[in-house]
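K.L.:
Sending over final-v9.pdb (PDB, C-alpha atoms).
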```pdb
MODEL        1
ATOM      1  CA  MET B   1      16.204 -31.397  18.167
ATOM      2  CA  PRO B   2      15.186 -27.879  16.968
ATOM      3  CA  PRO B   3      17.389 -24.932  17.919
ATOM      4  CA  LYS B   4      16.566 -22.994  21.081
ATOM      5  CA  PHE B   5      14.140 -20.074  20.783
ATOM      6  CA  ASP B   6      15.960 -16.715  20.628
ATOM      7  CA  PRO B   7      13.793 -13.936  22.177
ATOM      8  CA  THR B   8      15.876 -11.131  20.631
ATOM      9  CA  ALA B   9      15.603 -12.397  17.037
ATOM     10  CA  VAL B  10      13.392 -10.270  14.781
ATOM     11  CA  GLN B  11      11.588 -11.924  11.884
ATOM     12  CA  TYR B  12       9.504 -10.328   9.141
ATOM     13  CA  VAL B  13       6.537 -11.867   7.329
ATOM     14  CA  CYS B  14       4.899 -10.018   4.421
ATOM     15  CA  LEU B  15       1.459 -10.967   3.142
ATOM     16  CA  ARG B  16      -1.467  -9.491   1.233
ATOM     17  CA  ALA B  17      -4.653  -8.843   3.187
ATOM     18  CA  VAL B  18      -7.953  -7.091   2.648
ATOM     19  CA  GLY B  19      -8.128  -4.056   4.906
ATOM     20  CA  GLY B  20     -10.390  -4.292   7.930
ATOM     21  CA  GLU B  21     -11.230  -7.966   7.361
ATOM     22  CA  VAL B  22     -10.088 -11.037   9.247
ATOM     23  CA  GLY B  23      -8.310 -13.181   6.672
ATOM     24  CA  ALA B  24      -8.537 -16.953   6.485
ATOM     25  CA  THR B  25      -6.540 -18.444   9.344
ATOM     26  CA  SER B  26      -5.777 -21.408   7.070
ATOM     27  CA  ALA B  27      -3.700 -19.061   4.890
ATOM     28  CA  LEU B  28      -1.878 -17.563   7.878
ATOM     29  CA  ALA B  29      -1.121 -20.836   9.685
ATOM     30  CA  PRO B  30       1.737 -22.123   7.462
ATOM     31  CA  LYS B  31       3.472 -18.734   7.552
ATOM     32  CA  ILE B  32       3.298 -17.894  11.261
ATOM     33  CA  GLY B  33       2.551 -21.233  12.912
ATOM     34  CA  PRO B  34       6.224 -22.316  12.959
ATOM     35  CA  LEU B  35       7.083 -19.026  14.693
ATOM     36  CA  GLY B  36       4.885 -19.975  17.647
ATOM     37  CA  LEU B  37       2.044 -17.522  17.013
ATOM     38  CA  SER B  38      -1.695 -18.112  16.966
ATOM     39  CA  PRO B  39      -3.091 -17.509  13.435
ATOM     40  CA  LYS B  40      -6.462 -16.390  14.819
ATOM     41  CA  LYS B  41      -4.929 -13.768  17.102
ATOM     42  CA  VAL B  42      -2.633 -12.467  14.334
ATOM     43  CA  GLY B  43      -5.614 -12.352  11.935
ATOM     44  CA  ASP B  44      -7.494 -10.156  14.418
ATOM     45  CA  ASP B  45      -4.417  -7.925  14.812
ATOM     46  CA  ILE B  46      -4.193  -7.544  11.018
ATOM     47  CA  ALA B  47      -7.893  -6.618  10.823
ATOM     48  CA  LYS B  48      -7.392  -4.027  13.574
ATOM     49  CA  GLY B  49      -4.225  -2.595  11.998
ATOM     50  CA  THR B  50      -5.750  -2.269   8.514
ATOM     51  CA  LYS B  51      -9.137  -0.773   9.398
ATOM     52  CA  ASP B  52      -8.174   2.529   7.680
ATOM     53  CA  TRP B  53      -7.863   0.587   4.414
ATOM     54  CA  LYS B  54     -11.312  -1.043   4.644
ATOM     55  CA  GLY B  55     -12.109  -3.091   1.533
ATOM     56  CA  LEU B  56      -8.737  -2.459  -0.194
ATOM     57  CA  LYS B  57      -6.018  -5.065  -0.694
ATOM     58  CA  VAL B  58      -2.834  -3.983   1.069
ATOM     59  CA  THR B  59       0.482  -5.618   1.861
ATOM     60  CA  VAL B  60       0.945  -6.186   5.583
ATOM     61  CA  LYS B  61       4.370  -6.525   7.163
ATOM     62  CA  LEU B  62       4.408  -8.492  10.407
ATOM     63  CA  THR B  63       7.395  -7.801  12.632
ATOM     64  CA  ILE B  64       7.747 -10.733  14.997
ATOM     65  CA  GLN B  65       9.916 -10.424  18.092
ATOM     66  CA  ASN B  66       9.669 -12.433  21.299
ATOM     67  CA  ARG B  67       6.508 -14.196  19.999
ATOM     68  CA  LYS B  68       4.683 -10.860  19.604
ATOM     69  CA  ALA B  69       3.533  -9.684  16.171
ATOM     70  CA  THR B  70       3.430  -5.993  15.277
ATOM     71  CA  VAL B  71       1.359  -5.106  12.209
ATOM     72  CA  SER B  72       2.451  -2.371   9.794
ATOM     73  CA  VAL B  73       0.742  -1.581   6.488
ATOM     74  CA  VAL B  74       2.901  -1.243   3.363
ATOM     75  CA  PRO B  75       0.374   0.224   0.907
ATOM     76  CA  ALA B  76       0.799  -0.185  -2.836
ATOM     77  CA  ALA B  77       0.399   2.738  -5.219
ATOM     78  CA  ALA B  78      -2.925   1.416  -6.547
ATOM     79  CA  SER B  79      -4.353   1.127  -3.023
ATOM     80  CA  MET B  80      -3.338   4.715  -2.256
ATOM     81  CA  VAL B  81      -4.841   6.029  -5.517
ATOM     82  CA  ILE B  82      -8.129   4.209  -4.826
ATOM     83  CA  LYS B  83      -8.112   5.544  -1.252
ATOM     84  CA  ALA B  84      -7.540   9.094  -2.623
ATOM     85  CA  LEU B  85     -10.719   8.674  -4.708
ATOM     86  CA  LYS B  86     -12.641   8.533  -1.392
ATOM     87  CA  GLU B  87     -15.029   5.868  -2.631
ATOM     88  CA  PRO B  88     -17.376   4.242  -0.115
ATOM     89  CA  PRO B  89     -16.238   0.778   1.020
ATOM     90  CA  ARG B  90     -17.765  -1.991  -1.057
ATOM     91  CA  ASP B  91     -18.803  -5.526  -0.217
ATOM     92  CA  ARG B  92     -16.247  -7.645  -2.084
ATOM     93  CA  LYS B  93     -18.565 -10.642  -2.163
ATOM     94  CA  LYS B  94     -21.460  -8.839  -3.859
ATOM     95  CA  VAL B  95     -19.954  -6.003  -5.950
ATOM     96  CA  LYS B  96     -17.473  -7.175  -8.605
ATOM     97  CA  ASN B  97     -15.452  -5.366 -11.309
ATOM     98  CA  VAL B  98     -15.790  -1.846  -9.929
ATOM     99  CA  ALA B  99     -14.872   0.991 -12.292
ATOM    100  CA  HIS B 100     -12.919   3.634 -10.341
ATOM    101  CA  ASP B 101     -13.923   6.563 -12.553
ATOM    102  CA  GLY B 102     -13.498   9.386 -10.048
ATOM    103  CA  ASP B 103     -11.229  12.402 -10.146
ATOM    104  CA  VAL B 104      -8.057  12.931  -8.079
ATOM    105  CA  SER B 105      -6.156  16.196  -7.664
ATOM    106  CA  PHE B 106      -2.508  16.424  -8.750
ATOM    107  CA  LYS B 107      -1.666  17.383  -5.162
ATOM    108  CA  ASP B 108      -2.986  13.969  -4.037
ATOM    109  CA  ILE B 109      -0.850  12.284  -6.726
ATOM    110  CA  TYR B 110       2.191  14.272  -5.516
ATOM    111  CA  ASP B 111       1.513  13.250  -1.888
ATOM    112  CA  ILE B 112       1.242   9.583  -2.917
ATOM    113  CA  ALA B 113       4.488   9.939  -4.886
ATOM    114  CA  LYS B 114       6.163  11.382  -1.764
ATOM    115  CA  GLN B 115       5.134   8.299   0.216
ATOM    116  CA  MET B 116       6.295   5.955  -2.554
ATOM    117  CA  ARG B 117       9.563   7.847  -3.232
ATOM    118  CA  GLY B 118      11.702   5.498  -1.143
ATOM    119  CA  ARG B 119      10.462   2.436  -3.044
ATOM    120  CA  SER B 120      10.501   4.053  -6.489
ATOM    121  CA  MET B 121      13.172   3.240  -9.039
ATOM    122  CA  ALA B 122      12.974   6.703 -10.635
ATOM    123  CA  ARG B 123      15.938   9.063 -10.326
ATOM    124  CA  LYS B 124      13.866  12.210  -9.817
ATOM    125  CA  MET B 125      10.528  13.040  -8.218
ATOM    126  CA  ALA B 126       9.068  13.734 -11.685
ATOM    127  CA  GLY B 127       9.656  10.075 -12.594
ATOM    128  CA  THR B 128       7.938   8.908  -9.403
ATOM    129  CA  CYS B 129       4.954  11.160 -10.206
ATOM    130  CA  CYS B 130       4.825   9.607 -13.680
ATOM    131  CA  GLU B 131       4.789   6.136 -12.074
ATOM    132  CA  ILE B 132       1.839   7.126  -9.872
ATOM    133  CA  LEU B 133       0.057   8.742 -12.837
ATOM    134  CA  GLY B 134       0.489   5.457 -14.742
ATOM    135  CA  THR B 135      -1.088   3.650 -11.801
ATOM    136  CA  ALA B 136      -3.967   6.165 -11.831
ATOM    137  CA  GLN B 137      -4.413   5.449 -15.533
ATOM    138  CA  SER B 138      -4.602   1.691 -14.935
ATOM    139  CA  VAL B 139      -7.033   2.215 -12.026
ATOM    140  CA  GLY B 140      -9.207   4.189 -14.430
ATOM    141  CA  CYS B 141      -9.505   7.597 -12.779
ATOM    142  CA  THR B 142      -8.761  11.107 -14.046
ATOM    143  CA  VAL B 143      -6.386  13.682 -12.533
ATOM    144  CA  ASP B 144      -7.685  17.273 -12.295
ATOM    145  CA  GLY B 145     -10.238  16.401 -15.003
ATOM    146  CA  GLN B 146      -7.519  15.249 -17.434
ATOM    147  CA  HIS B 147      -6.458  11.808 -18.600
ATOM    148  CA  PRO B 148      -3.356  10.791 -16.572
ATOM    149  CA  HIS B 149      -1.309  10.112 -19.709
ATOM    150  CA  ASP B 150      -1.742  13.752 -20.832
ATOM    151  CA  LEU B 151      -0.120  14.842 -17.555
ATOM    152  CA  ILE B 152       2.691  12.287 -18.004
ATOM    153  CA  GLU B 153       3.451  13.776 -21.433
ATOM    154  CA  ALA B 154       3.303  17.313 -19.992
ATOM    155  CA  ILE B 155       5.841  16.352 -17.299
ATOM    156  CA  GLN B 156       8.150  14.680 -19.833
ATOM    157  CA  ASN B 157       7.969  17.661 -22.214
ATOM    158  CA  GLY B 158       8.728  20.077 -19.388
ATOM    159  CA  GLU B 159       5.354  21.858 -19.595
ATOM    160  CA  LYS B 160       4.478  20.780 -16.038
ATOM    161  CA  VAL B 161       7.241  21.203 -13.465
ATOM    162  CA  VAL B 162       7.344  18.789 -10.521
ATOM    163  CA  GLU B 163       9.016  20.023  -7.346
ATOM    164  CA  ASP B 164      11.918  17.724  -6.434
ATOM    165  CA  TYR B 165      11.734  15.726  -3.194
ATOM    166  CA  GLU B 166      14.169  13.280  -1.673
ATOM    167  CA  ALA B 167      12.760  10.571   0.586
ATOM    168  CA  PRO B 168      14.304  10.202   4.041
ATOM    169  CA  ALA B 169      16.587   7.183   4.328
ATOM    170  CA  THR B 170      14.965   4.143   5.943
ATOM    171  CA  ALA B 171      16.892   1.771   8.131
TER     172      ALA B 171
ENDMDL
END
```
Now that the file is in, can you turn its structure into structure tokens?
P.N.:
Amino acid sequence: MPPKFDPTAVQYVCLRAVGGEVGATSALAPKIGPLGLSPKKVGDDIAKGTKDWKGLKVTVKLTIQNRKATVSVVPAAASMVIKALKEPPRDRKKVKNVAHDGDVSFKDIYDIAKQMRGRSMARKMAGTCCEILGTAQSVGCTVDGQHPHDLIEAIQNGEKVVEDYEAPATA
């Protein structure tokens, strides 16, 4: 016989979803079905919770307590860089292999680095900015009209100073 259901137990489920779209319930069912949740209802909740990230792939963290799922978005650096480009949402089924050749300001990169600081492995904020600049390079955009790698070299040589920032501790 299975163990009794504990209403105070909190469980976390992380999955990748396309923002603003209802994912396939067949993909959700094996993950959340055993927890006593309806995949269709959770899929609608995910679509509602990720509507700000329309068309972008983001990681979604489901916090499940007392058979209620709470959706929180855990955006990746690439998703945040693409969102900072302010591109119009695209139809994933029709438009393939999009080149993200826009321009982002260094202030946007710094703001993204502030959000990612808690998850970064870098010792200082300059290292986190370099990580985000590397992501911008792989996405294919420029930063303040320059190639991102030029800014990385400027930070490492000390020509560009990055203000230090310590992320608040998360529980």
K.L.:
Tell me which protein, DNA and RNA residues are within 10 Å of segment 129-140 of chain B, counting all atoms listed in the file, leaving out same-chain ones fewer than 4 positions away, and put them as a PDB file with C-alpha atoms, in the frame of the given file.
P.N.:
```
ATOM      1  CA  ALA B  76       0.799  -0.185  -2.836  1.00  0.00           C
ATOM      2  CA  ALA B  77       0.399   2.738  -5.219  1.00  0.00           C
ATOM      3  CA  ALA B  78      -2.925   1.416  -6.547  1.00  0.00           C
ATOM      4  CA  SER B  79      -4.353   1.127  -3.023  1.00  0.00           C
ATOM      5  CA  MET B  80      -3.338   4.715  -2.256  1.00  0.00           C
ATOM      6  CA  VAL B  81      -4.841   6.029  -5.517  1.00  0.00           C
ATOM      7  CA  ILE B  82      -8.129   4.209  -4.826  1.00  0.00           C
ATOM      8  CA  VAL B  98     -15.790  -1.846  -9.929  1.00  0.00           C
ATOM      9  CA  ALA B  99     -14.872   0.991 -12.292  1.00  0.00           C
ATOM     10  CA  HIS B 100     -12.919   3.634 -10.341  1.00  0.00           C
ATOM     11  CA  ASP B 101     -13.923   6.563 -12.553  1.00  0.00           C
ATOM     12  CA  GLY B 102     -13.498   9.386 -10.048  1.00  0.00           C
ATOM     13  CA  ASP B 103     -11.229  12.402 -10.146  1.00  0.00           C
ATOM     14  CA  VAL B 104      -8.057  12.931  -8.079  1.00  0.00           C
ATOM     15  CA  PHE B 106      -2.508  16.424  -8.750  1.00  0.00           C
ATOM     16  CA  ILE B 109      -0.850  12.284  -6.726  1.00  0.00           C
ATOM     17  CA  TYR B 110       2.191  14.272  -5.516  1.00  0.00           C
ATOM     18  CA  ASP B 111       1.513  13.250  -1.888  1.00  0.00           C
ATOM     19  CA  ILE B 112       1.242   9.583  -2.917  1.00  0.00           C
ATOM     20  CA  ALA B 113       4.488   9.939  -4.886  1.00  0.00           C
ATOM     21  CA  LYS B 114       6.163  11.382  -1.764  1.00  0.00           C
ATOM     22  CA  MET B 116       6.295   5.955  -2.554  1.00  0.00           C
ATOM     23  CA  ARG B 117       9.563   7.847  -3.232  1.00  0.00           C
ATOM     24  CA  SER B 120      10.501   4.053  -6.489  1.00  0.00           C
ATOM     25  CA  MET B 121      13.172   3.240  -9.039  1.00  0.00           C
ATOM     26  CA  ALA B 122      12.974   6.703 -10.635  1.00  0.00           C
ATOM     27  CA  LYS B 124      13.866  12.210  -9.817  1.00  0.00           C
ATOM     28  CA  MET B 125      10.528  13.040  -8.218  1.00  0.00           C
ATOM     29  CA  HIS B 147      -6.458  11.808 -18.600  1.00  0.00           C
ATOM     30  CA  PRO B 148      -3.356  10.791 -16.572  1.00  0.00           C
ATOM     31  CA  HIS B 149      -1.309  10.112 -19.709  1.00  0.00           C
ATOM     32  CA  ASP B 150      -1.742  13.752 -20.832  1.00  0.00           C
ATOM     33  CA  LEU B 151      -0.120  14.842 -17.555  1.00  0.00           C
ATOM     34  CA  ILE B 152       2.691  12.287 -18.004  1.00  0.00           C
ATOM     35  CA  GLU B 153       3.451  13.776 -21.433  1.00  0.00           C
ATOM     36  CA  ILE B 155       5.841  16.352 -17.299  1.00  0.00           C
ATOM     37  CA  GLN B 156       8.150  14.680 -19.833  1.00  0.00           C
ATOM     38  CA  VAL B 162       7.344  18.789 -10.521  1.00  0.00           C
TER      39      VAL B 162
END
```
K.L.:
Give me the box for segment 35-46 of chain B as JSON, namely the centre and edge lengths in Å to one decimal of a box along x, y and z that holds every listed atom plus 5 Å on each side.
P.N.:
```
{"center_x": -0.2, "center_y": -13.8, "center_z": 14.3, "size_x": 24.6, "size_y": 22.4, "size_z": 16.6}
```
K.L.:
Have a look at atom CA of Ile64 of chain B and atom CA of Gly36 of chain B and let me know their distance in Å, one decimal.
P.N.:
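Computing it gives 10.0 Å between the two atoms.
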K.L.:
In Å, with one decimal, what is the gap from atom CA of Lys51 of chain B to atom CA of Val18 of chain B?
P.N.:
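Answer for the atom CA of Lys51 of chain B to atom CA of Val18 of chain B separation: 9.3 Å.
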K.L.:
Quick one, how far is atom CA of Gly118 of chain B from atom CA of Asp45 of chain B?
P.N.:
26.4 Å
K.L.:
For the file shown, what are the residues hit by the PyMOL selection byres ((chain B and resi 71) around 6), laid out as a list in words?
P.N.:
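Matching residues under the PyMOL selection byres ((chain B and resi 71) around 6) are Leu62, Thr70 and Ser72 of chain B.
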K.L.:
Using all atoms listed in the file, which residues of segment 39-145 of chain B come within 12 Å of segment 30-33 of chain B, and what is the closest atom pair for each, with the distance in Å to one decimal? Give it as JSON lines, sorted by chain and residue number.
P.N.:
```
{"residue": "B:Pro39", "atom": "CA", "partner": "B:Ile32", "partner_atom": "CA", "distance": 6.8}
{"residue": "B:Lys40", "atom": "CA", "partner": "B:Gly33", "partner_atom": "CA", "distance": 10.4}
{"residue": "B:Lys41", "atom": "CA", "partner": "B:Ile32", "partner_atom": "CA", "distance": 10.9}
{"residue": "B:Val42", "atom": "CA", "partner": "B:Ile32", "partner_atom": "CA", "distance": 8.6}
{"residue": "B:Gly43", "atom": "CA", "partner": "B:Ile32", "partner_atom": "CA", "distance": 10.5}
{"residue": "B:Leu62", "atom": "CA", "partner": "B:Ile32", "partner_atom": "CA", "distance": 9.5}
{"residue": "B:Thr63", "atom": "CA", "partner": "B:Ile32", "partner_atom": "CA", "distance": 11.0}
{"residue": "B:Ile64", "atom": "CA", "partner": "B:Ile32", "partner_atom": "CA", "distance": 9.2}
{"residue": "B:Arg67", "atom": "CA", "partner": "B:Ile32", "partner_atom": "CA", "distance": 10.0}
{"residue": "B:Lys68", "atom": "CA", "partner": "B:Ile32", "partner_atom": "CA", "distance": 11.0}
{"residue": "B:Ala69", "atom": "CA", "partner": "B:Ile32", "partner_atom": "CA", "distance": 9.6}
```
K.L.:
Write out as a list in words which residues come within 7 Å of Lys54 of chain B when counting all atoms listed in the file, dropping same-chain ones fewer than 3 positions away.
P.N.:
Gly19, Gly20, Thr50, Lys51 and Pro89 of chain B
K.L.:
Using the chain letters and numbers from the file, give me the residues hit by the PyMOL selection byres ((chain B and resi 73) around 8), as a ChimeraX atom specification.
P.N.:
/B:49-50,58-61,71-72,74-75
K.L.:
Between B:Asp52, B:Asp108, B:Ser38, B:Lys57, which residue has the minimum interatomic distance to Arg16 of chain B, considering only C-alpha atoms?
P.N.:
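Using only C-alpha atoms, the shortest distance to Arg16 of chain B belongs to B:Lys57.
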K.L.:
Of the candidates B:Ala126, B:Ala27, B:Val13, B:Asp144, which shows the shortest atom-to-atom distance to Lys160 of chain B, using only C-alpha atoms?
P.N.:
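Once distances to Lys160 of chain B are computed over only C-alpha atoms, the minimum belongs to B:Ala126.
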K.L.:
Could you check which of B:Pro7, B:Gln146, B:Ala17, B:Ser26 is closest to Leu56 of chain B, using all atoms listed in the file?
P.N.:
B:Ala17
K.L.:
Could you check the closest approach to Glu163 of chain B for each of B:Gly145, B:Leu85, B:Lys107, B:Gln65 and tell me which residue wins, using all atoms listed in the file?
P.N.:
B:Lys107
